[in-house]
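Asks: I'd like to ask some things about the structure below.
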Amino acid sequence: SLDSYPRDSEDVYARVTPIDSLQISELRRLVPEIQLASPHVTAWNQGPELRRLGQSRKPGWRAMDEHGLEMMNLELAAGRGFSATDRMFRRPVVILGHGLAGQLGVDETCIGGTLTYGGQTAELIGILKSQDVPFSGEDGRDFGPDVQVFLPFGAFREALPADAYALPAWQVHVGLSMTREEAEAALRAGLRSLRGLKAKEPDKAMAFFAKAYF
């Protein structure tokens with residue numbers, strides 16, 4: 001996961017320096033073991049309420065491309081994932097986390113039905129399987145995929161208010177020829193090179209975080 005903010009800053013959300021697609025292309029040249037790169041954006045509680053048949057919830061919002069579910073090891077319980085066409089044409093389609101679907105009274109029989117948010121109507125195309133590991137914040141609330149709504153990458157900004165804070169990041173898949181430690185070191189070195197950092201300059205000047213998950 002390549003997050004575009006410094007983890008050691010006192011205010012990690014204050015100095016966002018997005019990693020853009022051109023930098024990712026150059027990173028893939030520097031680290032040829034990268035097999036796939038997938039962008040995603042998260043807004044934890046910045047989006048509108050999601051409504052269906054009188055039920056409403058204020059979920060976390062996440063946008064991803066057609067590779068996003070695979071990159072995050074998220075499996076569908078019903079329906080389908082996003083396609084390149086969904087992304088390119090900014091289709092109003094959504095995938096619900098398992099817990100959020102339950103809160104809204106949604107199950108596999110609702111696939112193809114509609115939900116509303118912010119004055120927009122979207123088609124429900126998928127429901128995720130329940131996650132084995134909860135994602136809990138400091139206040140104890142779950143904020144992981146189980147209670148998130150997922151959108152195609154191109155449709156994200158149209159769903160959220162203009163002043164909503166969104167956290168951009170990239171997921172990259174590195175081939176099995178590298179260990180986790182080797183992958184982290186290669187990604188970090190590549191990003192340092194992209195930022196033009198000298199040998200003794202600290203990583204925090206780069207506003208990125210590289211972490212490999214296996």
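Every chain in the structure tokens has a letter given in the order shown (A, B, ...), and although residue numbers restart at 1 in each chain, ligands are simply numbered from 1 in the order shown.
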Contacts of stretch 88-98 of chain A at 6 Å or less, counting only C-alpha atoms, minus same-chain residues fewer than 2 places along, as a list of chain:residue names?
Replies: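 Those residues are A:Thr85, A:Asp86, A:Leu100, A:Ala101, A:Ala122, A:Glu123, A:Leu124, A:Ile125, A:Gly126, A:Ile127, A:Leu128, A:Lys129, A:Ser130, A:Pro145, A:Asp146, A:Val147, A:Gln148, A:Val149, A:Phe150, A:Leu151, A:Gly154, A:Ala155.
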Asks: Can I get the selection written as a short mmCIF file (atom, residue, chain, number, x, y, z; two decimals), in the first residue's frame, with all heavy atoms?
Replies:
data_model
loop_
_atom_site.label_atom_id
_atom_site.label_comp_id
_atom_site.auth_asym_id
_atom_site.auth_seq_id
_atom_site.Cartn_x
_atom_site.Cartn_y
_atom_site.Cartn_z
N THR A 85 -15.37 -0.65 -17.79
CA THR A 85 -16.44 0.19 -18.32
C THR A 85 -17.10 1.01 -17.21
O THR A 85 -17.41 2.19 -17.40
CB THR A 85 -17.49 -0.67 -19.04
OG1 THR A 85 -16.86 -1.42 -20.07
CG2 THR A 85 -18.58 0.20 -19.65
N ASP A 86 -17.32 0.40 -16.04
CA ASP A 86 -17.87 1.14 -14.90
C ASP A 86 -16.99 2.34 -14.58
O ASP A 86 -17.48 3.44 -14.31
CB ASP A 86 -17.95 0.24 -13.67
CG ASP A 86 -18.95 -0.88 -13.81
OD1 ASP A 86 -19.94 -0.72 -14.53
OD2 ASP A 86 -18.72 -1.95 -13.19
N LEU A 100 -22.74 -3.56 6.27
CA LEU A 100 -23.57 -2.45 5.81
C LEU A 100 -24.81 -2.97 5.09
O LEU A 100 -25.91 -2.45 5.28
CB LEU A 100 -22.76 -1.55 4.89
CG LEU A 100 -23.50 -0.35 4.28
CD1 LEU A 100 -24.02 0.57 5.37
CD2 LEU A 100 -22.58 0.42 3.33
N ALA A 101 -24.64 -4.02 4.29
CA ALA A 101 -25.79 -4.61 3.61
C ALA A 101 -26.83 -5.09 4.62
O ALA A 101 -28.04 -4.86 4.46
CB ALA A 101 -25.33 -5.76 2.72
N ALA A 122 -28.20 4.78 -7.46
CA ALA A 122 -27.17 3.85 -7.92
C ALA A 122 -27.70 2.42 -7.90
O ALA A 122 -28.53 2.06 -7.06
CB ALA A 122 -25.92 3.95 -7.05
N GLU A 123 -27.21 1.62 -8.80
CA GLU A 123 -27.56 0.21 -8.86
C GLU A 123 -26.64 -0.60 -7.95
O GLU A 123 -25.42 -0.41 -7.96
CB GLU A 123 -27.44 -0.32 -10.29
CG GLU A 123 -27.76 -1.80 -10.42
CD GLU A 123 -27.44 -2.35 -11.81
OE1 GLU A 123 -27.10 -1.56 -12.70
OE2 GLU A 123 -27.53 -3.59 -11.98
N LEU A 124 -27.23 -1.49 -7.17
CA LEU A 124 -26.45 -2.41 -6.35
C LEU A 124 -25.98 -3.57 -7.24
O LEU A 124 -26.80 -4.31 -7.78
CB LEU A 124 -27.29 -2.95 -5.20
CG LEU A 124 -26.63 -4.03 -4.33
CD1 LEU A 124 -25.44 -3.45 -3.58
CD2 LEU A 124 -27.65 -4.63 -3.36
N ILE A 125 -24.66 -3.72 -7.38
CA ILE A 125 -24.13 -4.80 -8.23
C ILE A 125 -23.45 -5.90 -7.44
O ILE A 125 -23.19 -6.98 -7.98
CB ILE A 125 -23.17 -4.26 -9.30
CG1 ILE A 125 -21.94 -3.62 -8.66
CG2 ILE A 125 -23.88 -3.27 -10.22
CD1 ILE A 125 -20.82 -3.33 -9.64
N GLY A 126 -23.14 -5.66 -6.16
CA GLY A 126 -22.44 -6.70 -5.41
C GLY A 126 -22.50 -6.49 -3.91
O GLY A 126 -22.71 -5.38 -3.42
N ILE A 127 -22.32 -7.59 -3.18
CA ILE A 127 -22.22 -7.60 -1.72
C ILE A 127 -20.98 -8.41 -1.36
O ILE A 127 -20.79 -9.51 -1.88
CB ILE A 127 -23.46 -8.21 -1.06
CG1 ILE A 127 -24.72 -7.42 -1.43
CG2 ILE A 127 -23.29 -8.26 0.46
CD1 ILE A 127 -26.00 -8.09 -0.98
N LEU A 128 -20.15 -7.87 -0.49
CA LEU A 128 -18.93 -8.56 -0.10
C LEU A 128 -19.20 -9.65 0.94
O LEU A 128 -20.17 -9.57 1.70
CB LEU A 128 -17.92 -7.57 0.49
CG LEU A 128 -17.39 -6.48 -0.43
CD1 LEU A 128 -16.40 -5.63 0.33
CD2 LEU A 128 -16.74 -7.09 -1.67
N LYS A 129 -18.32 -10.63 0.98
CA LYS A 129 -18.33 -11.58 2.08
C LYS A 129 -17.90 -10.87 3.36
O LYS A 129 -17.17 -9.88 3.33
CB LYS A 129 -17.36 -12.73 1.79
CG LYS A 129 -17.80 -13.67 0.68
CD LYS A 129 -16.81 -14.81 0.53
CE LYS A 129 -17.27 -15.79 -0.54
NZ LYS A 129 -16.30 -16.91 -0.72
N SER A 130 -18.33 -11.39 4.50
CA SER A 130 -17.93 -10.83 5.78
C SER A 130 -16.43 -10.98 5.96
O SER A 130 -15.83 -11.99 5.57
CB SER A 130 -18.66 -11.54 6.91
OG SER A 130 -18.26 -11.03 8.16
N PRO A 145 -13.92 -2.71 5.64
CA PRO A 145 -14.74 -3.03 4.47
C PRO A 145 -16.14 -3.53 4.79
O PRO A 145 -17.05 -3.34 3.97
CB PRO A 145 -13.91 -4.12 3.77
CG PRO A 145 -12.51 -3.88 4.21
CD PRO A 145 -12.62 -3.39 5.62
N ASP A 146 -16.35 -4.14 5.95
CA ASP A 146 -17.68 -4.63 6.29
C ASP A 146 -18.72 -3.52 6.32
O ASP A 146 -19.91 -3.78 6.09
CB ASP A 146 -17.66 -5.34 7.64
CG ASP A 146 -17.37 -6.83 7.52
OD1 ASP A 146 -17.49 -7.37 6.40
OD2 ASP A 146 -17.01 -7.45 8.53
N VAL A 147 -18.31 -2.31 6.64
CA VAL A 147 -19.28 -1.22 6.78
C VAL A 147 -19.02 -0.10 5.78
O VAL A 147 -19.41 1.05 6.00
CB VAL A 147 -19.28 -0.66 8.22
CG1 VAL A 147 -19.84 -1.69 9.18
CG2 VAL A 147 -17.88 -0.21 8.65
N GLN A 148 -18.37 -0.44 4.67
CA GLN A 148 -18.09 0.55 3.64
C GLN A 148 -18.96 0.31 2.41
O GLN A 148 -19.46 -0.79 2.18
CB GLN A 148 -16.62 0.51 3.23
CG GLN A 148 -15.68 1.08 4.27
CD GLN A 148 -14.25 1.05 3.80
OE1 GLN A 148 -13.88 0.29 2.92
NE2 GLN A 148 -13.42 1.89 4.41
N VAL A 149 -19.13 1.39 1.63
CA VAL A 149 -19.75 1.30 0.32
C VAL A 149 -18.65 1.59 -0.70
O VAL A 149 -17.84 2.49 -0.51
CB VAL A 149 -20.94 2.26 0.18
CG1 VAL A 149 -20.54 3.70 0.46
CG2 VAL A 149 -21.55 2.15 -1.21
N PHE A 150 -18.63 0.82 -1.78
CA PHE A 150 -17.58 0.90 -2.78
C PHE A 150 -18.15 1.42 -4.10
O PHE A 150 -19.24 1.01 -4.51
CB PHE A 150 -16.95 -0.47 -3.01
CG PHE A 150 -16.30 -1.03 -1.77
CD1 PHE A 150 -17.06 -1.64 -0.79
CD2 PHE A 150 -14.93 -0.94 -1.58
CE1 PHE A 150 -16.47 -2.16 0.36
CE2 PHE A 150 -14.33 -1.44 -0.44
CZ PHE A 150 -15.10 -2.05 0.53
N LEU A 151 -17.40 2.32 -4.73
CA LEU A 151 -17.79 2.94 -5.99
C LEU A 151 -16.70 2.73 -7.03
O LEU A 151 -15.54 2.54 -6.67
CB LEU A 151 -17.98 4.45 -5.80
CG LEU A 151 -19.06 4.95 -4.85
CD1 LEU A 151 -18.85 6.43 -4.59
CD2 LEU A 151 -20.42 4.68 -5.45
N GLY A 154 -13.85 6.30 -11.06
CA GLY A 154 -14.21 7.53 -11.74
C GLY A 154 -15.42 8.24 -11.18
O GLY A 154 -15.62 9.43 -11.45
N ALA A 155 -16.24 7.55 -10.39
CA ALA A 155 -17.50 8.12 -9.90
C ALA A 155 -17.40 8.69 -8.49
O ALA A 155 -18.36 9.24 -7.97
CB ALA A 155 -18.60 7.07 -9.93
#
Asks: Env of A:Glu26: 12 Å cut, atoms = only C-alpha atoms, seq-sep filter 3 positions within chain, self excluded. Answer as a list in words.
Replies: Ile19, Asp20, Ser21, Leu22, Gln23, Arg29, Leu30, Val31, Pro32, Ile34, Ala37, Leu187, Gly190, Leu191, Arg192, Ser193, Leu194 and Arg195 of chain A
Asks: Between atom CA of A:Phe82 and atom CA of A:Glu70, what is the spacing in Å?
Replies: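 So the answer is 10.7 Å.
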Asks: Please provide as a VMD selection string all residues within 9 Å of A:Glu33, with the sequence filter that same-chain residues fewer than 2 positions apart are discarded (counting only C-alpha atoms).
Replies: chain A and resid 28 30 to 31 35 173 to 178 183
Asks: May I ask for the distance between atom CA of A:Asn73 and atom CA of A:His40, given in Å to one decimal place?
Replies: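 The value is 13.8 Å.
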Asks: Select from stretch 95-176 of chain A every residue with an atom at most 6 Å from any atom of stretch 47-60 of chain A, then for each give the shortest pair of atoms and their distance in Å to one decimal, using only C-alpha atoms, rows by chain and rising number, as a tab-separated table.
Replies:
residue	atom	partner	partner_atom	distance
A:Leu104	CA	A:Gln55	CA	5.6
A:Leu115	CA	A:Arg52	CA	5.2
A:Thr116	CA	A:Arg51	CA	5.2
A:Tyr117	CA	A:Leu50	CA	4.9
A:Gly118	CA	A:Pro48	CA	5.6
A:Gln148	CA	A:Gly60	CA	4.6
A:Leu160	CA	A:Gly47	CA	5.0
Asks: Save the residues we just selected, N, CA and C atoms, as a tab-separated table (two decimals), in the first residue's frame?
Replies:
chain	number	residue	atom	x	y	z
A	104	LEU	N	-28.84	-2.29	6.14
A	104	LEU	CA	-29.82	-1.71	5.22
A	104	LEU	C	-30.88	-2.72	4.78
A	115	LEU	N	-30.19	2.02	-4.67
A	115	LEU	CA	-30.02	2.76	-3.43
A	115	LEU	C	-29.83	4.22	-3.81
A	116	THR	N	-30.00	5.11	-2.85
A	116	THR	CA	-29.82	6.54	-3.14
A	116	THR	C	-28.83	7.14	-2.16
A	117	TYR	N	-28.13	8.17	-2.62
A	117	TYR	CA	-27.22	8.95	-1.78
A	117	TYR	C	-27.02	10.31	-2.43
A	118	GLY	N	-27.10	11.36	-1.62
A	118	GLY	CA	-26.85	12.70	-2.11
A	118	GLY	C	-27.67	13.10	-3.32
A	148	GLN	N	-18.37	-0.44	4.67
A	148	GLN	CA	-18.09	0.55	3.64
A	148	GLN	C	-18.96	0.31	2.41
A	160	LEU	N	-19.36	12.46	-3.45
A	160	LEU	CA	-19.04	13.14	-2.20
A	160	LEU	C	-19.18	14.65	-2.32
Asks: Please identify the alpha helix (DSSP H) residues within stretch 9-204 of chain A (assignment by DSSP from backbone atoms) and present them as a VMD selection string.
Replies: chain A and resid 21 to 30 68 to 71 84 to 88 98 to 103 156 to 159 180 to 195
Asks: Figure out the distance between atom CA of A:Arg87 and atom CA of A:Tyr165, please, to one decimal in Å.
Replies: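 These atoms are spaced 20.9 Å apart.
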Asks: Using DSSP on the backbone, list every residue of stretch 87-122 of chain A that comes out as strand (DSSP E or B), and give them as a ChimeraX atom specification.
Replies: /A:93-96,114-117,120-122
Asks: Write out the residues from the selection above, keeping N, CA, C and O atoms, as a short mmCIF file (atom, residue, chain, number, x, y, z; two decimals), in the first residue's frame.
Replies:
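Contents of the output file selection08.cif:
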data_model
loop_
_atom_site.label_atom_id
_atom_site.label_comp_id
_atom_site.auth_asym_id
_atom_site.auth_seq_id
_atom_site.Cartn_x
_atom_site.Cartn_y
_atom_site.Cartn_z
N VAL A 93 -22.93 2.72 -9.90
CA VAL A 93 -23.10 1.37 -9.36
C VAL A 93 -22.33 1.29 -8.05
O VAL A 93 -21.33 1.99 -7.85
N VAL A 94 -22.79 0.44 -7.13
CA VAL A 94 -22.15 0.32 -5.83
C VAL A 94 -22.05 -1.15 -5.42
O VAL A 94 -22.83 -2.00 -5.83
N ILE A 95 -21.05 -1.39 -4.57
CA ILE A 95 -20.87 -2.68 -3.88
C ILE A 95 -20.91 -2.39 -2.39
O ILE A 95 -20.29 -1.42 -1.92
N LEU A 96 -21.63 -3.20 -1.62
CA LEU A 96 -21.75 -2.97 -0.18
C LEU A 96 -20.94 -3.97 0.62
O LEU A 96 -20.86 -5.15 0.26
N THR A 114 -31.88 -0.67 -6.43
CA THR A 114 -31.26 0.65 -6.33
C THR A 114 -31.17 1.13 -4.89
O THR A 114 -31.94 0.72 -4.02
N LEU A 115 -30.19 2.02 -4.67
CA LEU A 115 -30.02 2.76 -3.43
C LEU A 115 -29.83 4.22 -3.81
O LEU A 115 -29.52 4.53 -4.96
N THR A 116 -30.00 5.11 -2.85
CA THR A 116 -29.82 6.54 -3.14
C THR A 116 -28.83 7.14 -2.16
O THR A 116 -28.69 6.71 -1.02
N TYR A 117 -28.13 8.17 -2.62
CA TYR A 117 -27.22 8.95 -1.78
C TYR A 117 -27.02 10.31 -2.43
O TYR A 117 -26.85 10.43 -3.63
N GLN A 120 -28.59 11.14 -5.69
CA GLN A 120 -28.28 10.26 -6.81
C GLN A 120 -28.86 8.87 -6.56
O GLN A 120 -29.05 8.45 -5.42
N THR A 121 -29.10 8.16 -7.64
CA THR A 121 -29.58 6.77 -7.56
C THR A 121 -28.52 5.87 -8.16
O THR A 121 -27.98 6.15 -9.22
N ALA A 122 -28.20 4.78 -7.46
CA ALA A 122 -27.17 3.85 -7.92
C ALA A 122 -27.70 2.42 -7.90
O ALA A 122 -28.53 2.06 -7.06
#
